[in-house]
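Trainee: target-v4.txt is reproduced in full below (compact mmCIF, C-alpha atoms and all ligand atoms).
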# COMPACT_ATOMS: atom_id res chain seq x y z
CA MET E 1 62.29 -37.01 31.29
CA ALA E 2 64.55 -34.18 32.40
CA TYR E 3 65.79 -31.78 29.77
CA THR E 4 69.37 -32.15 28.51
CA VAL E 5 71.16 -29.70 26.24
CA PRO E 6 71.46 -31.33 22.80
CA LYS E 7 74.57 -31.12 20.61
CA LEU E 8 73.85 -29.07 17.48
CA THR E 9 74.77 -30.22 14.01
CA ASP E 10 72.41 -27.94 12.10
CA TYR E 11 73.03 -24.20 12.66
CA SER E 12 70.27 -22.89 10.38
CA ALA E 13 67.95 -20.22 11.82
CA ALA E 14 65.08 -22.75 11.90
CA ALA E 15 67.13 -25.33 13.82
CA LEU E 16 68.34 -22.67 16.28
CA ASP E 17 64.75 -21.49 16.77
CA THR E 18 63.63 -25.03 17.63
CA ALA E 19 66.53 -25.67 20.01
CA THR E 20 65.97 -22.34 21.78
CA ARG E 21 62.23 -22.96 22.07
CA ASP E 22 62.77 -26.44 23.59
CA LEU E 23 65.23 -25.05 26.12
CA LEU E 24 62.96 -22.20 27.21
CA ALA E 25 59.96 -24.54 27.46
CA ALA E 26 61.99 -26.77 29.81
CA LEU E 27 62.94 -23.71 31.86
CA ASP E 28 59.30 -22.67 32.28
CA HIS E 29 58.20 -26.19 33.08
CA GLU E 30 60.86 -26.75 35.73
CA SER E 31 60.51 -23.35 37.38
CA ALA E 32 56.72 -23.68 37.66
CA ALA E 33 57.19 -26.70 39.95
CA VAL E 34 59.45 -24.83 42.41
CA LYS E 35 57.74 -23.92 45.72
CA THR E 36 60.49 -23.81 48.39
CA GLU E 37 63.87 -22.17 48.91
CA SER E 38 65.69 -25.50 48.64
CA GLU E 39 63.88 -26.40 45.41
CA TYR E 40 64.75 -22.96 44.10
CA GLU E 41 68.42 -23.52 44.98
CA THR E 42 68.40 -26.82 43.06
CA LEU E 43 66.85 -25.05 40.07
CA ARG E 44 69.40 -22.25 40.21
CA ILE E 45 72.35 -24.65 40.34
CA ARG E 46 70.95 -26.78 37.53
CA TRP E 47 70.59 -23.79 35.20
CA ARG E 48 73.20 -21.31 36.31
CA ALA E 49 76.09 -23.21 37.97
CA ARG E 50 79.35 -22.08 36.38
CA LYS E 51 80.50 -25.69 36.13
CA ASP E 52 78.08 -27.77 34.03
CA GLY E 53 75.02 -25.58 34.50
CA ILE E 54 72.67 -25.57 31.48
CA VAL E 55 73.76 -22.07 30.44
CA THR E 56 77.42 -23.17 30.58
CA GLN E 57 76.58 -26.24 28.51
CA VAL E 58 74.83 -24.07 25.92
CA ASN E 59 77.99 -21.98 25.64
CA GLU E 60 80.09 -25.12 25.20
CA LEU E 61 77.83 -27.21 22.97
CA TRP E 62 76.21 -24.48 20.83
CA LEU E 63 78.42 -21.42 20.78
CA LYS E 64 81.98 -22.77 20.98
CA SER E 65 81.36 -25.51 18.43
CA ALA E 66 79.43 -23.26 16.02
CA PRO E 67 80.99 -22.79 12.56
CA ARG E 68 82.56 -19.38 12.10
CA GLU E 69 79.76 -17.94 9.96
CA ALA E 70 77.10 -18.90 12.53
CA LYS E 71 79.00 -17.64 15.62
CA ARG E 72 77.55 -14.17 15.59
CA ASP E 73 73.94 -15.35 15.31
CA VAL E 74 74.38 -18.03 17.97
CA GLY E 75 76.17 -15.63 20.31
CA GLN E 76 73.36 -13.12 19.99
CA ARG E 77 70.70 -15.76 20.75
CA VAL E 78 72.61 -17.09 23.75
CA ASN E 79 73.16 -13.65 25.26
CA GLU E 80 69.98 -11.82 24.35
CA THR E 81 67.40 -14.60 24.38
CA ILE E 82 68.58 -17.44 26.57
CA ILE E 83 70.73 -15.94 29.35
CA SER E 84 68.54 -12.91 29.93
CA ARG E 85 65.44 -15.13 30.02
CA VAL E 86 67.00 -17.67 32.42
CA ASP E 87 68.03 -14.87 34.79
CA THR E 88 64.60 -13.23 34.65
CA VAL E 89 62.77 -16.48 35.31
CA LEU E 90 65.09 -17.36 38.22
CA ARG E 91 64.69 -13.92 39.79
CA GLU E 92 60.90 -13.97 39.50
CA ARG E 93 60.65 -17.51 40.85
CA HIS E 94 62.85 -16.59 43.79
CA ASP E 95 60.57 -13.64 44.63
CA TYR E 96 57.61 -15.99 44.48
CA VAL E 97 59.23 -18.59 46.75
CA LYS E 98 60.12 -15.87 49.28
CA SER E 99 56.53 -14.58 49.41
CA LEU E 100 55.25 -18.14 49.90
CA ALA E 101 57.62 -18.53 52.86
CA ILE E 102 56.37 -15.30 54.44
CA LEU E 103 52.80 -16.46 53.97
CA LYS E 104 53.53 -19.80 55.58
CA LYS E 105 55.29 -18.19 58.52
CA ALA E 106 52.47 -15.70 59.03
CA ARG E 107 49.87 -18.42 58.93
CA ALA E 108 51.78 -20.39 61.56
CA GLU E 109 51.86 -17.33 63.81
CA GLY E 110 48.21 -16.56 63.17
CA LEU E 111 48.87 -13.02 62.08
CA ASP E 112 45.94 -12.10 59.83
CA ALA E 113 47.41 -8.84 58.61
CA GLY E 114 50.64 -10.57 57.71
CA ILE E 115 48.68 -13.25 55.86
CA ASP E 116 46.93 -10.64 53.74
CA ALA E 117 50.12 -8.78 52.89
CA ALA E 118 51.98 -11.95 52.02
CA ARG E 119 49.07 -13.32 49.98
CA ARG E 120 48.94 -10.14 47.98
CA ALA E 121 52.69 -10.38 47.34
CA ALA E 122 52.36 -13.99 46.26
CA GLU E 123 49.38 -13.24 44.00
CA LEU E 124 51.29 -10.39 42.43
CA SER E 125 54.23 -12.67 41.62
CA GLU E 126 51.90 -15.23 40.11
CA SER E 127 49.97 -12.66 38.07
CA VAL E 128 53.15 -11.95 36.09
CA ASP E 129 53.11 -14.43 33.22
CA ILE E 130 56.77 -15.37 33.12
CA SER E 131 56.28 -17.50 30.03
CA LEU E 132 55.67 -14.42 27.86
CA PRO E 133 58.68 -13.08 25.94
CA GLY E 134 59.89 -9.66 27.09
CA VAL E 135 59.53 -6.51 25.01
CA ARG E 136 62.82 -5.24 23.59
CA ARG E 137 63.01 -1.60 22.61
CA PRO E 138 66.08 -0.97 20.44
CA ILE E 139 67.77 2.39 20.93
CA GLY E 140 67.45 4.73 17.93
CA ALA E 141 70.22 6.73 16.29
CA GLU E 142 70.55 9.91 14.29
CA HIS E 143 69.88 9.68 10.54
CA PRO E 144 73.08 10.11 8.44
CA VAL E 145 71.63 13.18 6.69
CA MET E 146 70.87 14.76 10.07
CA GLN E 147 74.37 13.91 11.35
CA THR E 148 75.86 15.72 8.35
CA TRP E 149 73.41 18.64 8.77
CA ARG E 150 74.42 19.06 12.41
CA GLU E 151 78.16 18.88 11.64
CA ILE E 152 77.93 21.58 8.96
CA VAL E 153 75.80 23.88 11.13
CA SER E 154 78.19 23.51 14.07
CA VAL E 155 81.23 24.48 11.95
CA PHE E 156 79.57 27.83 11.20
CA GLN E 157 78.20 28.29 14.70
CA LYS E 158 81.79 28.11 15.96
CA LEU E 159 82.58 30.99 13.57
CA GLY E 160 79.88 33.09 15.25
CA TYR E 161 77.01 32.41 12.83
CA SER E 162 73.51 32.04 14.25
CA VAL E 163 70.89 29.64 12.91
CA ALA E 164 67.93 31.11 10.98
CA GLU E 165 64.88 29.23 9.73
CA GLY E 166 61.82 30.04 7.63
CA PRO E 167 58.66 28.58 6.08
CA VAL E 168 58.78 25.67 3.63
CA VAL E 169 55.66 26.97 1.83
CA GLU E 170 56.84 30.28 0.37
CA THR E 171 55.59 33.03 -1.90
CA ASP E 172 56.99 33.61 -5.36
CA TYR E 173 58.24 36.97 -4.02
CA TYR E 174 60.62 35.51 -1.43
CA ASN E 175 61.59 32.42 -3.42
CA PHE E 176 62.30 34.20 -6.74
CA GLU E 177 61.52 37.90 -7.14
CA ALA E 178 63.49 39.29 -4.19
CA LEU E 179 66.41 37.03 -5.13
CA ASN E 180 66.74 38.72 -8.52
CA PHE E 181 65.27 35.89 -10.65
CA PRO E 182 63.91 37.48 -13.87
CA PRO E 183 60.14 36.93 -14.47
CA ASN E 184 60.62 34.18 -17.06
CA HIS E 185 63.58 32.39 -15.48
CA PRO E 186 63.26 28.62 -16.12
CA ALA E 187 63.31 27.87 -12.36
CA ARG E 188 59.89 29.56 -12.12
CA ASP E 189 58.40 26.96 -14.47
CA THR E 190 56.23 24.11 -13.17
CA GLN E 191 58.81 21.79 -14.76
CA ASP E 192 61.16 22.70 -11.92
CA THR E 193 59.05 24.06 -9.09
CA LEU E 194 56.13 22.54 -7.16
CA PHE E 195 53.38 25.18 -6.94
CA ILE E 196 50.43 25.06 -4.56
CA ALA E 197 47.21 24.49 -6.55
CA GLY E 198 44.51 27.14 -7.04
CA GLN E 199 46.76 30.23 -6.92
CA GLN E 200 46.14 31.54 -10.45
CA ALA E 201 43.80 34.34 -9.34
CA LYS E 202 46.57 35.93 -7.22
CA PRO E 203 49.26 38.27 -8.55
CA GLN E 204 52.40 36.28 -9.35
CA ARG E 205 54.45 37.52 -6.37
CA GLU E 206 51.81 36.25 -3.89
CA ARG E 207 51.43 32.76 -5.34
CA LEU E 208 52.45 29.97 -2.99
CA LEU E 209 54.99 27.28 -3.78
CA LEU E 210 57.25 24.81 -2.01
CA ARG E 211 60.53 26.66 -1.60
CA THR E 212 63.18 25.45 -4.04
CA HIS E 213 66.08 26.65 -1.89
CA THR E 214 66.60 28.05 1.61
CA SER E 215 67.53 31.46 0.15
CA PRO E 216 64.14 33.10 0.98
CA VAL E 217 65.28 33.02 4.62
CA GLN E 218 68.14 35.37 3.66
CA ILE E 219 65.63 38.05 2.60
CA ARG E 220 63.31 37.35 5.53
CA THR E 221 66.20 37.70 7.98
CA MET E 222 67.48 40.92 6.40
CA GLU E 223 63.94 42.37 6.67
CA ARG E 224 63.99 41.60 10.41
CA MET E 225 67.58 42.33 11.39
CA ARG E 226 69.80 45.23 10.48
CA PRO E 227 73.42 44.60 9.43
CA PRO E 228 75.87 43.26 10.42
CA ILE E 229 74.51 39.69 10.20
CA ARG E 230 76.04 36.23 9.98
CA ILE E 231 73.51 33.46 9.61
CA VAL E 232 73.46 29.82 8.61
CA ILE E 233 70.16 28.48 7.25
CA PRO E 234 69.44 24.73 7.27
CA GLY E 235 66.17 23.40 5.88
CA THR E 236 64.18 21.12 3.61
CA VAL E 237 63.52 22.22 0.02
CA HIS E 238 61.48 20.77 -2.87
CA ARG E 239 61.89 20.52 -6.61
CA ASN E 240 59.82 18.85 -9.28
CA ASP E 241 62.39 16.07 -9.84
CA PRO E 242 61.45 12.38 -10.09
CA PRO E 243 63.41 10.35 -7.53
CA ASP E 244 66.55 8.60 -8.79
CA ALA E 245 70.08 7.82 -7.57
CA SER E 246 71.03 11.50 -7.40
CA HIS E 247 67.67 13.35 -7.30
CA SER E 248 64.78 13.57 -4.87
CA PRO E 249 61.68 15.80 -4.87
CA MET E 250 62.63 16.67 -1.26
CA PHE E 251 66.15 17.31 -0.08
CA HIS E 252 68.13 19.38 2.44
CA GLN E 253 70.16 22.54 2.02
CA ILE E 254 72.34 24.67 4.20
CA GLU E 255 72.99 28.25 3.18
CA GLY E 256 75.02 30.96 4.79
CA LEU E 257 74.96 34.75 4.59
CA ALA E 258 77.36 37.35 5.98
CA VAL E 259 76.71 41.08 5.53
CA ASP E 260 78.77 43.91 6.99
CA ILE E 261 80.81 46.89 5.82
CA ASN E 262 83.89 45.98 3.77
CA ILE E 263 83.11 42.28 3.28
CA THR E 264 85.20 41.09 0.32
CA PHE E 265 85.61 38.00 -1.81
CA GLY E 266 88.72 37.33 0.30
CA ASP E 267 86.49 36.93 3.38
CA LEU E 268 84.33 34.47 1.44
CA LYS E 269 87.35 32.40 0.38
CA GLY E 270 88.90 32.40 3.86
CA THR E 271 85.63 31.43 5.56
CA LEU E 272 84.82 28.58 3.19
CA ASP E 273 88.41 27.29 3.11
CA HIS E 274 88.32 27.06 6.91
CA ALA E 275 84.87 25.40 6.88
CA MET E 276 85.92 22.75 4.34
CA LYS E 277 89.03 21.88 6.37
CA ALA E 278 86.88 21.61 9.51
CA LEU E 279 84.43 19.31 7.70
CA PHE E 280 86.69 17.13 5.58
CA GLY E 281 90.08 17.29 7.29
CA SER E 282 92.90 19.83 7.44
CA SER E 283 94.66 18.40 4.36
CA VAL E 284 91.90 19.26 1.83
CA LYS E 285 92.63 22.03 -0.65
CA THR E 286 89.93 24.34 -2.02
CA HIS E 287 89.53 25.74 -5.50
CA PHE E 288 87.01 28.31 -6.81
CA ARG E 289 85.69 28.27 -10.37
CA PRO E 290 83.55 31.08 -11.89
CA SER E 291 79.83 30.33 -12.12
CA PHE E 292 76.48 32.10 -12.33
CA PHE E 293 73.61 32.52 -9.86
CA PRO E 294 70.91 35.24 -10.14
CA PHE E 295 71.43 36.44 -6.56
CA THR E 296 75.25 36.68 -6.42
CA GLU E 297 77.80 38.59 -8.52
CA PRO E 298 80.49 37.41 -8.97
CA SER E 299 79.53 33.77 -8.38
CA ALA E 300 81.67 30.68 -7.98
CA GLU E 301 81.54 26.95 -7.45
CA LEU E 302 83.74 25.62 -4.70
CA TYR E 303 85.69 22.41 -5.26
CA VAL E 304 87.64 20.48 -2.63
CA THR E 305 90.31 17.87 -3.24
CA CYS E 306 88.60 14.48 -3.30
CA PHE E 307 88.52 13.14 0.25
CA ILE E 308 88.22 9.59 -1.07
CA CYS E 309 91.36 9.43 -3.25
CA GLY E 310 93.15 12.44 -1.75
CA GLY E 311 93.16 14.27 -5.10
CA GLY E 312 95.04 11.66 -7.15
CA GLY E 313 91.96 10.38 -9.02
CA LYS E 314 92.94 6.73 -8.34
CA ARG E 315 92.23 4.41 -5.42
CA GLY E 316 93.68 1.32 -3.86
CA PRO E 317 96.83 -0.69 -4.61
CA ASP E 318 95.71 -1.43 -8.19
CA ASP E 319 95.03 2.26 -9.01
CA ALA E 320 91.29 1.76 -9.61
CA PRO E 321 89.55 4.87 -11.01
CA CYS E 322 87.98 6.99 -8.21
CA ARG E 323 84.25 7.29 -8.91
CA PRO E 324 83.15 10.09 -6.54
CA CYS E 325 85.48 12.63 -8.24
CA LYS E 326 85.23 11.01 -11.71
CA GLN E 327 89.04 10.69 -11.58
CA THR E 328 89.53 14.47 -11.60
CA GLY E 329 90.71 14.60 -7.98
CA TRP E 330 88.21 17.43 -7.28
CA ILE E 331 84.66 17.36 -5.93
CA GLU E 332 82.20 20.25 -6.27
CA VAL E 333 80.69 20.94 -2.86
CA LEU E 334 78.84 24.23 -3.03
CA GLY E 335 77.84 27.40 -4.86
CA CYS E 336 78.75 30.83 -3.52
CA GLY E 337 79.35 34.46 -4.38
CA MET E 338 79.09 38.09 -3.36
CA VAL E 339 75.48 39.19 -2.73
CA ASP E 340 74.18 40.94 -5.86
CA PRO E 341 73.50 44.67 -5.14
CA ASN E 342 70.05 44.15 -6.73
CA VAL E 343 69.15 41.82 -3.83
CA PHE E 344 70.12 44.47 -1.26
CA GLU E 345 67.75 46.92 -3.05
CA PHE E 346 64.79 44.85 -1.74
CA VAL E 347 65.87 45.42 1.90
CA LYS E 348 67.57 48.80 1.44
CA ASP E 349 65.26 50.50 3.94
CA ASN E 350 66.48 48.26 6.75
CA GLY E 351 70.08 49.41 6.48
CA TYR E 352 71.23 47.36 3.49
CA ASP E 353 72.30 50.19 1.21
CA PRO E 354 74.39 48.44 -1.47
CA LYS E 355 76.68 51.49 -1.53
CA LYS E 356 77.50 50.98 2.16
CA VAL E 357 77.33 47.24 2.88
CA SER E 358 78.51 44.16 1.09
CA GLY E 359 78.23 40.46 1.81
CA PHE E 360 78.68 36.92 0.64
CA ALA E 361 76.36 33.91 0.48
CA PHE E 362 76.86 30.21 -0.08
CA GLY E 363 74.66 27.12 -0.28
CA MET E 364 75.25 23.38 -0.24
CA GLY E 365 73.22 20.16 -0.53
CA VAL E 366 73.36 18.22 2.72
CA ASP E 367 72.19 14.91 1.21
CA ARG E 368 74.83 15.01 -1.51
CA LEU E 369 77.58 15.68 1.02
CA ALA E 370 76.27 12.81 3.17
CA LEU E 371 76.41 10.53 0.09
CA LEU E 372 80.04 11.47 -0.51
CA LYS E 373 81.01 11.32 3.15
CA TYR E 374 79.57 7.84 3.75
CA GLY E 375 80.34 6.46 0.28
CA VAL E 376 76.67 5.72 -0.50
CA ASP E 377 75.87 5.46 -4.23
CA ASP E 378 72.08 5.96 -4.26
CA LEU E 379 70.31 8.94 -2.69
CA GLN E 380 67.06 6.96 -2.37
CA TYR E 381 68.51 4.79 0.40
CA PHE E 382 68.40 7.85 2.67
CA PHE E 383 64.63 8.24 2.28
CA GLN E 384 63.30 4.67 2.20
CA GLY E 385 63.48 4.21 5.97
CA ASP E 386 65.01 0.73 5.72
CA VAL E 387 66.49 -0.05 9.14
CA ARG E 388 68.99 -2.53 7.64
CA PHE E 389 70.56 0.37 5.72
CA LEU E 390 70.26 3.04 8.40
CA GLN E 391 71.64 1.01 11.32
CA GLN E 392 75.07 0.97 9.64
CA PHE E 393 75.41 4.62 10.62
CA ALA E 394 74.33 4.19 14.25
ZN ZN E 401 88.61 10.86 -5.93
Rewrite the coordinates I just gave you, this time as structure tokens.

Mentor:
Amino acid sequence: MAYTVPKLTDYSAAALDTATRDLLAALDHESAAVKTESEYETLRIRWRARKDGIVTQVNELWLKSAPREAKRDVGQRVNETIISRVDTVLRERHDYVKSLAILKKARAEGLDAGIDAARRAAELSESVDISLPGVRRPIGAEHPVMQTWREIVSVFQKLGYSVAEGPVVETDYYNFEALNFPPNHPARDTQDTLFIAGQQAKPQRERLLLRTHTSPVQIRTMERMRPPIRIVIPGTVHRNDPPDASHSPMFHQIEGLAVDINITFGDLKGTLDHAMKALFGSSVKTHFRPSFFPFTEPSAELYVTCFICGGGGKRGPDDAPCRPCKQTGWIEVLGCGMVDPNVFEFVKDNGYDPKKVSGFAFGMGVDRLALLKYGVDDLQYFFQGDVRFLQQFA
């Protein structure tokens, strides 16, 4: 009995699977019987005629009468599974019918060469198993952390900064000593830092570790390049933190360093104020609070007005408390300061005499900024590789 498109009453995934499978089986069965142009034309009209063709009926009986919540799923099946398959099968069958006609004509004219060519064409058409489902390759998209990384880097590139990179496995010297960390600073403890095993025989400054910040690249770059320099340093860093909603043993940082004659704290404030407006919108205000880092003096933390609540600390028509800024209206985004003269002492011979040059440095966590920017409340989502989460940002 010839296939007819059934009316659907059940729109569950299982019922849709069955209905789709029956329809495609009928398509394969009917197309396999087609050998001539006129049979092909009948097949094409039956399946693809705008008025009352099977595809049109599917649109009417399945899609248009689907309940609202099922419309999206049904629409996707109709477009991606059924229509594309019907068109593929029709096209392939038409090619097959055309090669059969050439073969027949050649045989009638007794042209051996023509027979061979046409037979090969016909065999080729038949060797394609048109009953197999096609392979769909979804297009990928950039990870939200990488999108944020690229945006931050490009803000500084437009200010004339160049990108510098360095090794993830570092020595104690570059990660701590040359950045003015005292020998027993808590960051040097295995509680905080992941050390490479089997290094105890070496002097402390040569021991290998996973860098805890991108700051070693500041020293490495100053060893290589004389002042003036303006660099932005993106990279992965590691700390001995168990993973939770706001910590990860691996995360991403972007640091910046500018060294020249007469660089002042005013340059630091102007540069970062501009960068924050470029990243979060021209209406954000910036605010610096005193802080401490071993490699900068003076040091500050930079706050921007909360880009979720606009600085008011409340959200929405019912004045719900704003969580990202903990209702303060301010969000801490980075640490910064003027490069400590003690750091310049390590690269003094390459033109960084602390009596002649000065500079500023800053560093921010890319993952944390991505959390705030996209309103995600758990850092772990970024690293679990779950496509259902990640495709929201595509
Ligand atoms: Zn807020």

Trainee: Pick out the closest residue to Tyr352 of chain E from this set: E:Arg50, E:Arg224, E:His143, E:Arg44. Count only C-alpha atoms.

Mentor: E:Arg224

Trainee: Could you list, with a cut-off of 7 Å and counting only C-alpha atoms and all ligand atoms, the residues of chain E near ligand ZN 401 (chain E), each shown with its nearest atom pair and the distance in Å rounded to one decimal, rows sorted by chain and ascending number, as JSON lines?

Mentor:
{"residue": "E:Cys306", "atom": "CA", "partner": "E:ZN401", "partner_atom": "ZN", "distance": 4.5}
{"residue": "E:Phe307", "atom": "CA", "partner": "E:ZN401", "partner_atom": "ZN", "distance": 6.6}
{"residue": "E:Ile308", "atom": "CA", "partner": "E:ZN401", "partner_atom": "ZN", "distance": 5.0}
{"residue": "E:Cys309", "atom": "CA", "partner": "E:ZN401", "partner_atom": "ZN", "distance": 4.1}
{"residue": "E:Gly310", "atom": "CA", "partner": "E:ZN401", "partner_atom": "ZN", "distance": 6.4}
{"residue": "E:Gly311", "atom": "CA", "partner": "E:ZN401", "partner_atom": "ZN", "distance": 5.7}
{"residue": "E:Gly312", "atom": "CA", "partner": "E:ZN401", "partner_atom": "ZN", "distance": 6.6}
{"residue": "E:Gly313", "atom": "CA", "partner": "E:ZN401", "partner_atom": "ZN", "distance": 4.6}
{"residue": "E:Lys314", "atom": "CA", "partner": "E:ZN401", "partner_atom": "ZN", "distance": 6.5}
{"residue": "E:Cys322", "atom": "CA", "partner": "E:ZN401", "partner_atom": "ZN", "distance": 4.5}
{"residue": "E:Arg323", "atom": "CA", "partner": "E:ZN401", "partner_atom": "ZN", "distance": 6.4}
{"residue": "E:Pro324", "atom": "CA", "partner": "E:ZN401", "partner_atom": "ZN", "distance": 5.5}
{"residue": "E:Cys325", "atom": "CA", "partner": "E:ZN401", "partner_atom": "ZN", "distance": 4.3}
{"residue": "E:Lys326", "atom": "CA", "partner": "E:ZN401", "partner_atom": "ZN", "distance": 6.7}
{"residue": "E:Gln327", "atom": "CA", "partner": "E:ZN401", "partner_atom": "ZN", "distance": 5.7}
{"residue": "E:Thr328", "atom": "CA", "partner": "E:ZN401", "partner_atom": "ZN", "distance": 6.8}
{"residue": "E:Gly329", "atom": "CA", "partner": "E:ZN401", "partner_atom": "ZN", "distance": 4.8}
{"residue": "E:Trp330", "atom": "CA", "partner": "E:ZN401", "partner_atom": "ZN", "distance": 6.7}

Trainee: With all atoms listed in the file as the basis for distance, which of E:Leu369, E:Val34, E:Arg77, E:Ala70 is at the shortest distance from Asp17 of chain E?

Mentor: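 Smallest distance to Asp17 of chain E is found for E:Arg77.
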
Trainee: Excluding segment 374-385 of chain E and any residue of its chain fewer than 5 positions from it, enumerate the residues within 9 Å of it, using all atoms listed in the file, and give them as a list in words.

Mentor: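 Those residues are His143, Pro144, Val145, Pro243, Asp244, Ala245, Ser246, His247, Ser248, Ile308, Pro324, Asp367, Arg368, Leu369, Leu390 and Phe393 of chain E.
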
Trainee: So what do you get for atom CA of Ala14 of chain E versus atom CA of Arg91 of chain E, distance-wise?

Mentor: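 Separation between atom CA of Ala14 of chain E and atom CA of Arg91 of chain E: 29.3 Å.
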
Trainee: Neighbouring residues of Thr286 of chain E were defined as those with any atom within 10 Å, considering all atoms listed in the file; residues of the same chain fewer than 5 positions away were excluded. Please report them as a list of chain:residue names.

Mentor: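 Surrounding residues, per the criterion: E:Lys269, E:Leu272, E:Asp273, E:His274, E:Met276, E:Lys277, E:Leu302, E:Tyr303, E:Val304, E:Thr305, E:Trp330, E:Ile331, E:Glu332, E:Val333.
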
Trainee: Restricting the calculation to all atoms listed in the file: of E:Asn350, E:Thr171, E:Thr56, E:Thr148, which residue gets closest to Ile196 of chain E?

Mentor: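 Looking at the shortest contact to Ile196 of chain E, the residue is E:Thr171.
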